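Listing of model_32.cif, mmCIF, C-alpha atoms, pLDDT in the B column; chains and numbers go by the auth columns
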data_my_file
loop_
_atom_site.group_PDB
_atom_site.id
_atom_site.type_symbol
_atom_site.label_atom_id
_atom_site.label_comp_id
_atom_site.label_asym_id
_atom_site.label_seq_id
_atom_site.Cartn_x
_atom_site.Cartn_y
_atom_site.Cartn_z
_atom_site.B_iso_or_equiv
_atom_site.auth_seq_id
_atom_site.auth_asym_id
ATOM 1 C CA MET A 1 0.000 0.000 0.000 94.00 1111 Q
ATOM 2 C CA ILE A 2 1.360 3.411 -1.015 97.00 1112 Q
ATOM 3 C CA ALA A 3 0.095 6.524 0.767 98.00 1113 Q
ATOM 4 C CA ILE A 4 0.993 10.217 0.792 98.00 1114 Q
ATOM 5 C CA SER A 5 1.019 12.342 3.918 97.00 1115 Q
ATOM 6 C CA LEU A 6 -0.803 15.313 2.396 97.00 1116 Q
ATOM 7 C CA GLY A 7 -0.361 18.521 4.355 96.00 1117 Q
ATOM 8 C CA TRP A 8 -1.541 20.669 1.408 97.00 1118 Q
ATOM 9 C CA GLY A 9 1.712 22.610 1.364 96.00 1119 Q
ATOM 10 C CA VAL A 10 3.944 23.044 -1.682 97.00 1120 Q
ATOM 11 C CA GLN A 11 5.884 19.786 -1.378 97.00 1121 Q
ATOM 12 C CA SER A 12 3.116 17.352 -0.460 97.00 1122 Q
ATOM 13 C CA PHE A 13 0.758 18.780 -3.084 98.00 1123 Q
ATOM 14 C CA THR A 14 3.525 18.414 -5.669 98.00 1124 Q
ATOM 15 C CA LEU A 15 3.838 14.730 -4.740 97.00 1125 Q
ATOM 16 C CA ALA A 16 0.076 14.194 -5.055 98.00 1126 Q
ATOM 17 C CA ALA A 17 -0.055 16.071 -8.366 98.00 1127 Q
ATOM 18 C CA MET A 18 2.894 14.102 -9.747 98.00 1128 Q
ATOM 19 C CA SER A 19 1.073 10.890 -8.923 98.00 1129 Q
ATOM 20 C CA ALA A 20 -2.158 12.226 -10.410 98.00 1130 Q
ATOM 21 C CA LEU A 21 -0.415 13.143 -13.679 98.00 1131 Q
ATOM 22 C CA GLY A 22 1.538 9.892 -13.940 97.00 1132 Q
ATOM 23 C CA GLU A 23 5.014 11.286 -13.243 97.00 1133 Q
ATOM 24 C CA LEU A 24 5.151 9.166 -10.096 97.00 1134 Q
ATOM 25 C CA PRO A 25 3.470 5.802 -9.432 96.00 1135 Q
ATOM 26 C CA ARG A 26 -0.205 5.895 -8.535 95.00 1136 Q
ATOM 27 C CA VAL A 27 -0.772 6.016 -4.785 96.00 1137 Q
ATOM 28 C CA GLY A 28 -3.589 4.268 -2.962 94.00 1138 Q
ATOM 29 C CA VAL A 29 -4.514 7.265 -0.851 97.00 1139 Q
ATOM 30 C CA ALA A 30 -3.427 10.771 0.100 98.00 1140 Q
ATOM 31 C CA ILE A 31 -4.113 11.335 3.792 98.00 1141 Q
ATOM 32 C CA HIS A 32 -4.603 14.820 5.150 97.00 1142 Q
ATOM 33 C CA ALA A 33 -4.168 14.998 8.926 96.00 1143 Q
ATOM 34 C CA ASP A 34 -6.402 17.986 9.624 95.00 1144 Q
ATOM 35 C CA THR A 35 -5.231 19.799 12.753 93.00 1145 Q
ATOM 36 C CA THR A 36 -8.424 21.937 12.487 93.00 1146 Q
ATOM 37 C CA HIS A 37 -6.109 24.933 13.046 94.00 1147 Q
ATOM 38 C CA GLU A 38 -4.751 25.461 9.538 95.00 1148 Q
ATOM 39 C CA ALA A 39 -4.872 28.887 7.926 95.00 1149 Q
ATOM 40 C CA SER A 40 -7.953 29.767 5.900 96.00 1150 Q
ATOM 41 C CA GLY A 41 -5.927 29.770 2.693 96.00 1151 Q
ATOM 42 C CA THR A 42 -4.942 26.126 3.176 96.00 1152 Q
ATOM 43 C CA TYR A 43 -8.546 25.012 3.641 97.00 1153 Q
ATOM 44 C CA ALA A 44 -9.622 26.999 0.569 97.00 1154 Q
ATOM 45 C CA PHE A 45 -6.818 25.419 -1.471 98.00 1155 Q
ATOM 46 C CA ALA A 46 -7.753 21.907 -0.291 98.00 1156 Q
ATOM 47 C CA ALA A 47 -11.419 22.465 -1.182 98.00 1157 Q
ATOM 48 C CA LYS A 48 -10.437 23.594 -4.678 98.00 1158 Q
ATOM 49 C CA TRP A 49 -7.891 20.909 -5.525 98.00 1159 Q
ATOM 50 C CA THR A 50 -9.288 17.806 -3.802 98.00 1160 Q
ATOM 51 C CA PRO A 51 -11.770 17.233 -6.672 98.00 1161 Q
ATOM 52 C CA TRP A 52 -8.943 17.681 -9.201 98.00 1162 Q
ATOM 53 C CA LEU A 53 -6.893 14.949 -7.518 98.00 1163 Q
ATOM 54 C CA LYS A 54 -9.888 12.618 -7.200 98.00 1164 Q
ATOM 55 C CA GLU A 55 -10.768 13.046 -10.877 97.00 1165 Q
ATOM 56 C CA ARG A 56 -7.277 11.805 -11.694 97.00 1166 Q
ATOM 57 C CA GLY A 57 -7.412 8.759 -9.452 97.00 1167 Q
ATOM 58 C CA VAL A 58 -5.835 10.054 -6.229 97.00 1168 Q
ATOM 59 C CA ARG A 59 -8.114 9.287 -3.316 97.00 1169 Q
ATOM 60 C CA VAL A 60 -8.014 12.006 -0.637 98.00 1170 Q
ATOM 61 C CA VAL A 61 -8.932 11.216 2.972 98.00 1171 Q
ATOM 62 C CA ALA A 62 -9.012 13.637 5.908 97.00 1172 Q
ATOM 63 C CA VAL A 63 -8.343 12.352 9.433 96.00 1173 Q
ATOM 64 C CA ILE A 64 -8.688 14.289 12.674 93.00 1174 Q
ATOM 65 C CA ASN A 65 -7.446 13.838 16.218 88.00 1175 Q
ATOM 66 C CA ASP A 66 -9.723 15.864 18.474 80.00 1176 Q
ATOM 67 C CA ARG A 67 -7.061 16.479 21.139 76.00 1177 Q
ATOM 68 C CA ARG A 68 -6.951 20.191 21.929 82.00 1178 Q
ATOM 69 C CA TYR A 69 -3.860 22.363 22.287 80.00 1179 Q
ATOM 70 C CA ILE A 70 -4.599 22.201 26.048 80.00 1180 Q
ATOM 71 C CA ASP A 71 -5.907 18.807 27.164 70.00 1181 Q
ATOM 72 C CA ALA A 72 -8.012 17.910 30.190 60.00 1182 Q
ATOM 73 C CA TRP A 73 -4.885 17.531 32.318 61.00 1183 Q
ATOM 74 C CA GLY A 74 -3.516 20.941 31.391 65.00 1184 Q
ATOM 75 C CA THR A 75 -0.878 19.631 28.997 80.00 1185 Q
ATOM 76 C CA VAL A 76 -0.022 22.140 26.266 90.00 1186 Q
ATOM 77 C CA SER A 77 0.764 20.374 22.985 90.00 1187 Q
ATOM 78 C CA ILE A 78 2.353 23.253 21.114 94.00 1188 Q
ATOM 79 C CA PRO A 79 5.995 24.334 21.687 95.00 1189 Q
ATOM 80 C CA ALA A 80 5.026 27.569 23.418 96.00 1190 Q
ATOM 81 C CA PHE A 81 7.615 29.987 24.760 97.00 1191 Q
ATOM 82 C CA ALA A 82 7.751 30.120 28.554 96.00 1192 Q
ATOM 83 C CA VAL A 83 8.933 32.688 31.077 95.00 1193 Q
ATOM 84 C CA ASP A 84 8.573 32.933 34.867 91.00 1194 Q
ATOM 85 C CA GLY A 85 10.153 36.342 35.358 81.00 1195 Q
ATOM 86 C CA ILE A 86 13.618 34.866 35.821 83.00 1196 Q
ATOM 87 C CA SER A 87 14.212 32.052 33.370 89.00 1197 Q
ATOM 88 C CA LYS A 88 13.040 31.401 29.827 93.00 1198 Q
ATOM 89 C CA GLY A 89 12.379 28.185 27.957 95.00 1199 Q
ATOM 90 C CA GLN A 90 10.217 26.466 25.355 95.00 1200 Q
ATOM 91 C CA LEU A 91 7.832 23.558 25.782 94.00 1201 Q
ATOM 92 C CA ARG A 92 8.397 20.274 23.984 92.00 1202 Q
ATOM 93 C CA ARG A 93 6.561 20.010 20.681 92.00 1203 Q
ATOM 94 C CA GLN A 94 3.850 17.357 20.897 91.00 1204 Q
ATOM 95 C CA CYS A 95 1.419 18.736 18.314 92.00 1205 Q
ATOM 96 C CA THR A 96 2.978 16.869 15.385 91.00 1206 Q
ATOM 97 C CA GLY A 97 2.492 13.536 17.106 91.00 1207 Q
ATOM 98 C CA HIS A 98 -0.984 14.320 18.390 91.00 1208 Q
ATOM 99 C CA TRP A 99 -2.475 15.939 15.307 92.00 1209 Q
ATOM 100 C CA LYS A 100 -0.584 14.377 12.413 94.00 1210 Q
ATOM 101 C CA ILE A 101 1.298 11.168 13.141 94.00 1211 Q
ATOM 102 C CA GLU A 102 -1.263 9.497 15.425 95.00 1212 Q
ATOM 103 C CA PRO A 103 -4.375 9.958 13.230 95.00 1213 Q
ATOM 104 C CA ILE A 104 -2.516 8.931 10.063 96.00 1214 Q
ATOM 105 C CA ARG A 105 -1.231 5.763 11.732 96.00 1215 Q
ATOM 106 C CA ARG A 106 -4.685 4.917 13.047 96.00 1216 Q
ATOM 107 C CA TRP A 107 -6.201 5.227 9.590 97.00 1217 Q
ATOM 108 C CA LEU A 108 -3.461 3.165 7.980 97.00 1218 Q
ATOM 109 C CA GLN A 109 -3.695 0.454 10.612 96.00 1219 Q
ATOM 110 C CA ALA A 110 -7.454 0.220 10.100 97.00 1220 Q
ATOM 111 C CA ASN A 111 -7.258 0.132 6.297 97.00 1221 Q
ATOM 112 C CA ARG A 112 -4.041 -1.597 5.291 95.00 1222 Q
ATOM 113 C CA ASN A 113 -5.455 -5.138 5.494 94.00 1223 Q
ATOM 114 C CA LYS A 114 -2.306 -6.298 7.274 93.00 1224 Q
ATOM 115 C CA GLN A 115 -0.172 -5.225 4.320 96.00 1225 Q
ATOM 116 C CA PRO A 116 2.978 -3.091 4.712 97.00 1226 Q
ATOM 117 C CA VAL A 117 2.679 0.617 3.956 97.00 1227 Q
ATOM 118 C CA GLU A 118 5.014 2.868 2.005 97.00 1228 Q
ATOM 119 C CA LEU A 119 4.305 6.389 3.250 97.00 1229 Q
ATOM 120 C CA TRP A 120 5.484 9.230 1.038 97.00 1230 Q
ATOM 121 C CA LEU A 121 6.544 12.400 2.829 96.00 1231 Q
ATOM 122 C CA GLY A 122 6.811 15.846 1.233 95.00 1232 Q
ATOM 123 C CA VAL A 123 10.427 16.440 2.219 95.00 1233 Q
ATOM 124 C CA SER A 124 12.554 18.300 -0.333 96.00 1234 Q
ATOM 125 C CA THR A 125 16.324 18.607 -0.659 95.00 1235 Q
ATOM 126 C CA ASP A 126 16.456 21.861 1.317 91.00 1236 Q
ATOM 127 C CA GLU A 127 14.748 20.097 4.220 87.00 1237 Q
ATOM 128 C CA ALA A 128 16.727 16.865 4.221 83.00 1238 Q
ATOM 129 C CA LEU A 129 17.205 17.049 7.996 82.00 1239 Q
ATOM 130 C CA ARG A 130 13.489 16.293 8.348 82.00 1240 Q
ATOM 131 C CA MET A 131 13.989 12.793 6.944 84.00 1241 Q
ATOM 132 C CA LYS A 132 13.342 10.275 9.707 86.00 1242 Q
ATOM 133 C CA PRO A 133 12.658 6.541 9.686 89.00 1243 Q
ATOM 134 C CA SER A 134 9.284 5.234 10.721 91.00 1244 Q
ATOM 135 C CA ARG A 135 8.887 4.136 14.333 92.00 1245 Q
ATOM 136 C CA VAL A 136 6.421 1.379 13.479 93.00 1246 Q
ATOM 137 C CA LYS A 137 7.335 -1.794 11.619 94.00 1247 Q
ATOM 138 C CA TYR A 138 4.481 -1.816 9.107 95.00 1248 Q
ATOM 139 C CA ILE A 139 5.285 1.673 7.736 97.00 1249 Q
ATOM 140 C CA THR A 140 8.318 2.553 5.618 97.00 1250 Q
ATOM 141 C CA HIS A 141 8.966 6.240 4.972 96.00 1251 Q
ATOM 142 C CA ARG A 142 9.944 7.386 1.511 96.00 1252 Q
ATOM 143 C CA SER A 143 10.862 10.872 0.251 96.00 1253 Q
ATOM 144 C CA PRO A 144 10.420 10.903 -3.555 97.00 1254 Q
ATOM 145 C CA LEU A 145 11.329 14.590 -3.831 97.00 1255 Q
ATOM 146 C CA ILE A 146 14.736 13.843 -2.293 96.00 1256 Q
ATOM 147 C CA GLU A 147 15.165 10.980 -4.739 97.00 1257 Q
ATOM 148 C CA LEU A 148 14.344 13.330 -7.621 97.00 1258 Q
ATOM 149 C CA GLY A 149 16.715 15.988 -6.293 97.00 1259 Q
ATOM 150 C CA MET A 150 13.908 18.533 -5.981 97.00 1260 Q
ATOM 151 C CA SER A 151 13.970 21.532 -3.652 97.00 1261 Q
ATOM 152 C CA ARG A 152 10.928 23.509 -2.550 96.00 1262 Q
ATOM 153 C CA HIS A 153 11.687 26.000 -5.314 97.00 1263 Q
ATOM 154 C CA ASP A 154 11.858 23.136 -7.833 98.00 1264 Q
ATOM 155 C CA CYS A 155 8.402 22.065 -6.682 98.00 1265 Q
ATOM 156 C CA LYS A 156 7.068 25.550 -7.390 98.00 1266 Q
ATOM 157 C CA LEU A 157 8.619 25.493 -10.839 98.00 1267 Q
ATOM 158 C CA TRP A 158 7.105 22.072 -11.532 98.00 1268 Q
ATOM 159 C CA LEU A 159 3.647 23.248 -10.475 98.00 1269 Q
ATOM 160 C CA GLN A 160 3.937 26.332 -12.662 98.00 1270 Q
ATOM 161 C CA ALA A 161 5.126 24.251 -15.619 98.00 1271 Q
ATOM 162 C CA HIS A 162 1.992 22.118 -15.291 98.00 1272 Q
ATOM 163 C CA SER A 163 -0.343 25.115 -14.907 98.00 1273 Q
ATOM 164 C CA LEU A 164 -1.116 24.212 -11.310 98.00 1274 Q
ATOM 165 C CA GLU A 165 -1.644 26.638 -8.451 98.00 1275 Q
ATOM 166 C CA ILE A 166 1.074 27.050 -5.842 97.00 1276 Q
ATOM 167 C CA PRO A 167 -0.459 26.421 -2.404 97.00 1277 Q
ATOM 168 C CA PRO A 168 0.106 28.724 0.549 94.00 1278 Q
ATOM 169 C CA LYS A 169 2.418 27.520 3.269 91.00 1279 Q
ATOM 170 C CA SER A 170 0.708 24.982 5.505 92.00 1280 Q
ATOM 171 C CA ALA A 171 0.902 25.588 9.260 93.00 1281 Q
ATOM 172 C CA CYS A 172 -1.351 26.093 12.252 95.00 1282 Q
ATOM 173 C CA VAL A 173 -2.324 29.745 12.636 96.00 1283 Q
ATOM 174 C CA PHE A 174 -0.738 29.897 16.104 96.00 1284 Q
ATOM 175 C CA CYS A 175 2.436 27.935 15.310 96.00 1285 Q
ATOM 176 C CA PRO A 176 5.333 29.224 17.488 96.00 1286 Q
ATOM 177 C CA PHE A 177 7.684 28.501 14.585 95.00 1287 Q
ATOM 178 C CA HIS A 178 6.235 31.294 12.431 95.00 1288 Q
ATOM 179 C CA ASP A 179 8.810 33.875 11.458 94.00 1289 Q
ATOM 180 C CA GLN A 180 8.054 37.584 11.681 94.00 1290 Q
ATOM 181 C CA ALA A 181 6.961 37.802 8.038 93.00 1291 Q
ATOM 182 C CA GLU A 182 4.462 35.007 8.578 95.00 1292 Q
ATOM 183 C CA TRP A 183 3.012 36.693 11.668 96.00 1293 Q
ATOM 184 C CA ARG A 184 2.640 39.879 9.631 95.00 1294 Q
ATOM 185 C CA GLU A 185 0.865 38.089 6.782 94.00 1295 Q
ATOM 186 C CA LEU A 186 -1.438 36.456 9.304 94.00 1296 Q
ATOM 187 C CA LYS A 187 -2.357 39.811 10.794 95.00 1297 Q
ATOM 188 C CA ILE A 188 -2.977 41.662 7.539 93.00 1298 Q
ATOM 189 C CA SER A 189 -4.927 38.787 5.943 91.00 1299 Q
ATOM 190 C CA GLY A 190 -8.198 40.014 7.397 89.00 1300 Q
ATOM 191 C CA ASN A 191 -9.710 36.515 7.299 92.00 1301 Q
ATOM 192 C CA GLY A 192 -9.907 35.847 11.040 95.00 1302 Q
ATOM 193 C CA ASP A 193 -6.732 33.762 11.317 96.00 1303 Q
ATOM 194 C CA TRP A 194 -4.922 36.391 13.381 97.00 1304 Q
ATOM 195 C CA GLU A 195 -7.813 36.555 15.833 97.00 1305 Q
ATOM 196 C CA LYS A 196 -7.734 32.755 16.215 96.00 1306 Q
ATOM 197 C CA ALA A 197 -4.005 32.884 16.966 97.00 1307 Q
ATOM 198 C CA VAL A 198 -4.529 35.639 19.541 97.00 1308 Q
ATOM 199 C CA ALA A 199 -7.268 33.600 21.224 96.00 1309 Q
ATOM 200 C CA VAL A 200 -4.989 30.556 21.557 96.00 1310 Q
ATOM 201 C CA ASP A 201 -2.141 32.732 22.842 97.00 1311 Q
ATOM 202 C CA ARG A 202 -4.419 34.040 25.576 96.00 1312 Q
ATOM 203 C CA ALA A 203 -5.821 30.601 26.378 95.00 1313 Q
ATOM 204 C CA ILE A 204 -2.423 28.998 27.089 95.00 1314 Q
ATOM 205 C CA ARG A 205 -1.039 31.877 29.162 95.00 1315 Q
ATOM 206 C CA LYS A 206 -1.559 30.369 32.648 93.00 1316 Q
ATOM 207 C CA ALA A 207 -1.699 26.684 31.704 92.00 1317 Q
ATOM 208 C CA ARG A 208 1.748 25.849 33.168 89.00 1318 Q
ATOM 209 C CA PRO A 209 2.289 27.817 36.394 90.00 1319 Q
ATOM 210 C CA PRO A 210 4.588 29.352 37.499 91.00 1320 Q
ATOM 211 C CA TYR A 211 5.374 30.015 33.839 93.00 1321 Q
ATOM 212 C CA ASP A 212 3.478 32.290 31.483 95.00 1322 Q
ATOM 213 C CA LEU A 213 3.201 30.834 27.981 96.00 1323 Q
ATOM 214 C CA PHE A 214 3.253 32.663 24.652 97.00 1324 Q
ATOM 215 C CA VAL A 215 3.126 31.691 20.967 97.00 1325 Q
ATOM 216 C CA HIS A 216 5.622 34.411 19.974 97.00 1326 Q
ATOM 217 C CA PRO A 217 9.335 34.274 20.938 96.00 1327 Q
ATOM 218 C CA ALA A 218 9.138 37.842 22.263 96.00 1328 Q
ATOM 219 C CA ARG A 219 7.184 36.305 25.147 96.00 1329 Q
ATOM 220 C CA ILE A 220 4.591 39.057 25.179 97.00 1330 Q
ATOM 221 C CA PRO A 221 0.894 38.841 24.267 98.00 1331 Q
ATOM 222 C CA LEU A 222 0.557 38.305 20.533 97.00 1332 Q
ATOM 223 C CA GLU A 223 -1.672 41.344 20.066 96.00 1333 Q
ATOM 224 C CA GLU A 224 1.182 43.496 21.428 97.00 1334 Q
ATOM 225 C CA VAL A 225 3.812 42.183 19.014 96.00 1335 Q
ATOM 226 C CA ASP A 226 4.952 44.696 16.387 94.00 1336 Q
ATOM 227 C CA VAL A 227 4.723 42.698 13.160 91.00 1337 Q
ATOM 228 C CA ARG A 228 5.427 45.615 10.826 87.00 1338 Q
ATOM 229 C CA ASN A 229 8.212 45.232 8.289 80.00 1339 Q
ATOM 230 C CA LEU A 230 10.621 47.963 7.184 70.00 1340 Q
ATOM 231 C CA GLU A 231 8.281 49.126 4.431 73.00 1341 Q
ATOM 232 C CA ASP A 232 5.442 49.441 6.916 69.00 1342 Q
ATOM 233 C CA ARG A 233 7.745 51.701 8.939 69.00 1343 Q
ATOM 234 C CA GLY A 234 8.504 53.901 5.934 67.00 1344 Q
ATOM 235 C CA GLN A 235 11.757 52.389 4.632 59.00 1345 Q
ATOM 236 C CA LEU A 236 11.952 51.851 0.866 50.00 1346 Q
ATOM 237 C CA ARG A 237 12.358 48.301 -0.432 49.00 1347 Q
ATOM 238 C CA LEU A 238 15.461 48.010 -2.590 45.00 1348 Q
ATOM 239 C CA TRP A 239 15.180 44.433 -3.748 42.00 1349 Q
ATOM 240 C CA ASP A 240 12.770 41.508 -3.779 43.00 1350 Q
ATOM 241 C CA GLU A 241 13.345 38.443 -1.694 40.00 1351 Q
ATOM 242 C CA GLU A 242 11.409 35.345 -0.721 40.00 1352 Q
ATOM 243 C CA CYS A 243 11.699 33.245 2.418 37.00 1353 Q
ATOM 244 C CA ASP A 244 11.612 29.524 1.702 37.00 1354 Q
ATOM 245 C CA GLY A 245 11.548 28.452 5.346 35.00 1355 Q
ATOM 246 C CA TYR A 246 9.428 25.553 6.472 34.00 1356 Q
ATOM 247 C CA CYS A 247 7.116 24.735 9.324 42.00 1357 Q
ATOM 248 C CA GLY A 248 8.660 21.445 10.442 39.00 1358 Q
ATOM 249 C CA LEU A 249 5.288 19.818 11.258 38.00 1359 Q
#
As structure tokens, what does this structure read like?
Amino acid sequence: MIAISLGWGVQSFTLAAMSALGELPRVGVAIHADTTHEASGTYAFAAKWTPWLKERGVRVVAVINDRRYIDAWGTVSIPAFAVDGISKGQLRRQCTGHWKIEPIRRWLQANRNKQPVELWLGVSTDEALRMKPSRVKYITHRSPLIELGMSRHDCKLWLQAHSLEIPPKSACVFCPFHDQAEWRELKISGNGDWEKAVAVDRAIRKARPPYDLFVHPARIPLEEVDVRNLEDRGQLRLWDEECDGYCGL
């Protein structure tokens, strides 16, 4: 059984599209582990392109783990930034396991008919450090983009060459790994994503006493963070640049 872990970002969508167009072997299923906290643009992209994949033989399945970012025992799943007035730290990241790995494994275990699974991951050459072996015996990880020597930029070029839309970056709206540009885009989007991130930032604040928790590394309430760039502050832009960072989820 061949499956794709479909996060609806640039790399995983490229994998699914390559399979759909016959440039990679046909997969049995593309599994989207829906955190329920993705940005609005990701959900809009998934709604638009799921039918396109299905029409070309790529089955798309969404799986959800209903564990919240704060569970009933007060455990915070996201790698929030902590401060107690003296020392600073960051919580261990558990969200990937809770919201992505666990629900995908459950679905595969229930549907693989005791057959081994080859799980394709959207890891490109510029993210090679993210390559990790599977921790369960029935799943083997594979990174076709690495095998093809494709970077994230190469994926964008491939999508453009095939007249396909480039998806927005996939990440939870409150992800502590956002860079400053991503926080700015979230705030100016006007689609409610910033407000959702602010609400989560407030909700986790007192979850781990004596520490206060924050989603931004400045360790201040998100609504107080200055997300303006140099242009917003009146400085002229002298060149164009693009950040090709990645979420790590």
Write out as a tab-separated table a residue-level contact list of range 1113-1223 of chain Q versus range 1288-1300 of chain Q with cut-off 10 Å: for each qualifying residue the closest pair of atoms and the distance in Å to one decimal, counting all atoms listed in the file, rows sorted by chain and residue number upward.
residue	atom	partner	partner_atom	distance
Q:Ala1149	CA	Q:Leu1296	CA	8.4
Q:Ser1150	CA	Q:Ser1299	CA	9.5
Q:Gly1151	CA	Q:Ser1299	CA	9.6
**Request:** Calculate how many Å separate CA of Phe1284 in chain Q from CA of Thr1146 in chain Q, rounding to one decimal.
**Result:**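 According to the coordinates, CA of Phe1284 in chain Q and CA of Thr1146 in chain Q are separated by 11.6 Å.
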**Item:** Residue IDs satisfying the PyMOL selection byres ((chain Q and resi 1252-1261) around 9), as a list in words
**Value:** Gln1121, Thr1124, Leu1125, Leu1134, Glu1228, Leu1229, Trp1230, Leu1231, Gly1232, Val1233, Ser1234, Thr1235, Asp1236, Glu1237, Ala1238, Met1241, Pro1243, Thr1250, His1251, Arg1262, His1263, Asp1264, Cys1265 and Lys1266 of chain Q
**Prompt:** How far is it from CA of His1326 in chain Q to CA of Pro1278 in chain Q, in Å with one decimal?
**Reply:**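 Here the two named atoms are 21.0 Å from each other.
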Which residues come within 8 Å of range 1210-1217 of chain Q, counting all atoms listed in the file, excluding same-chain residues fewer than 5 positions away, as a tab-separated table (two decimals) with C-alpha atoms, in the frame of the given file?
chain	number	residue	atom	x	y	z
Q	1115	SER	CA	1.02	12.34	3.92
Q	1141	ILE	CA	-4.11	11.34	3.79
Q	1142	HIS	CA	-4.60	14.82	5.15
Q	1143	ALA	CA	-4.17	15.00	8.93
Q	1144	ASP	CA	-6.40	17.99	9.62
Q	1145	THR	CA	-5.23	19.80	12.75
Q	1173	VAL	CA	-8.34	12.35	9.43
Q	1174	ILE	CA	-8.69	14.29	12.67
Q	1175	ASN	CA	-7.45	13.84	16.22
Q	1205	CYS	CA	1.42	18.74	18.31
**Request:** Tell me which residues the PyMOL selection byres ((chain Q and resi 1152-1159) around 9) grabs here, as a list in words.
**Result:** Gly1117, Trp1118, Gly1119, Glu1148, Ala1149, Ser1150, Gly1151, Thr1160, Pro1161, Trp1162, Leu1163, Lys1164, Glu1275, Pro1277, Pro1278, Lys1279, Ser1280 and Ala1281 of chain Q
**Message:** Take the PyMOL selection byres ((chain Q and resi 1169) around 10), run it mentally on this structure, and tell me the resulting residues as a PyMOL selection string.
**Reply:** chain Q and resi 1113+1126+1130+1137-1141+1160-1161+1163-1168+1170-1171
Export range 1240-1252 of chain Q, N, CA and C atoms, as an mmCIF file, in the first residue's frame; it's the structure right above.
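And here is the file that came out, part.cif:
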data_model
loop_
_atom_site.group_PDB
_atom_site.id
_atom_site.type_symbol
_atom_site.label_atom_id
_atom_site.label_comp_id
_atom_site.auth_asym_id
_atom_site.auth_seq_id
_atom_site.Cartn_x
_atom_site.Cartn_y
_atom_site.Cartn_z
ATOM 1 N N ARG Q 1240 14.780 16.776 7.874
ATOM 2 C CA ARG Q 1240 13.489 16.293 8.348
ATOM 3 C C ARG Q 1240 13.268 14.812 8.040
ATOM 4 N N MET Q 1241 14.139 14.210 7.277
ATOM 5 C CA MET Q 1241 13.989 12.793 6.944
ATOM 6 C C MET Q 1241 14.231 11.941 8.188
ATOM 7 N N LYS Q 1242 13.237 11.143 8.536
ATOM 8 C CA LYS Q 1242 13.342 10.275 9.707
ATOM 9 C C LYS Q 1242 12.707 8.924 9.389
ATOM 10 N N PRO Q 1243 13.268 7.855 9.919
ATOM 11 C CA PRO Q 1243 12.658 6.541 9.686
ATOM 12 C C PRO Q 1243 11.368 6.399 10.474
ATOM 13 N N SER Q 1244 10.530 5.502 10.012
ATOM 14 C CA SER Q 1244 9.284 5.234 10.721
ATOM 15 C C SER Q 1244 9.573 4.522 12.038
ATOM 16 N N ARG Q 1245 8.726 4.782 13.035
ATOM 17 C CA ARG Q 1245 8.887 4.136 14.333
ATOM 18 C C ARG Q 1245 7.988 2.913 14.487
ATOM 19 N N VAL Q 1246 7.245 2.593 13.437
ATOM 20 C CA VAL Q 1246 6.421 1.379 13.479
ATOM 21 C C VAL Q 1246 6.835 0.467 12.334
ATOM 22 N N LYS Q 1247 6.778 -0.834 12.566
ATOM 23 C CA LYS Q 1247 7.335 -1.794 11.619
ATOM 24 C C LYS Q 1247 6.573 -1.864 10.305
ATOM 25 N N TYR Q 1248 5.263 -1.612 10.323
ATOM 26 C CA TYR Q 1248 4.481 -1.816 9.107
ATOM 27 C C TYR Q 1248 4.536 -0.620 8.153
ATOM 28 N N ILE Q 1249 5.169 0.492 8.583
ATOM 29 C CA ILE Q 1249 5.285 1.673 7.736
ATOM 30 C C ILE Q 1249 6.748 1.933 7.387
ATOM 31 N N THR Q 1250 7.006 2.134 6.094
ATOM 32 C CA THR Q 1250 8.318 2.553 5.618
ATOM 33 C C THR Q 1250 8.186 3.957 5.037
ATOM 34 N N HIS Q 1251 9.001 4.875 5.503
ATOM 35 C CA HIS Q 1251 8.966 6.240 4.972
ATOM 36 C C HIS Q 1251 9.756 6.316 3.669
ATOM 37 N N ARG Q 1252 9.239 7.136 2.765
ATOM 38 C CA ARG Q 1252 9.944 7.386 1.511
ATOM 39 C C ARG Q 1252 9.804 8.866 1.173
#
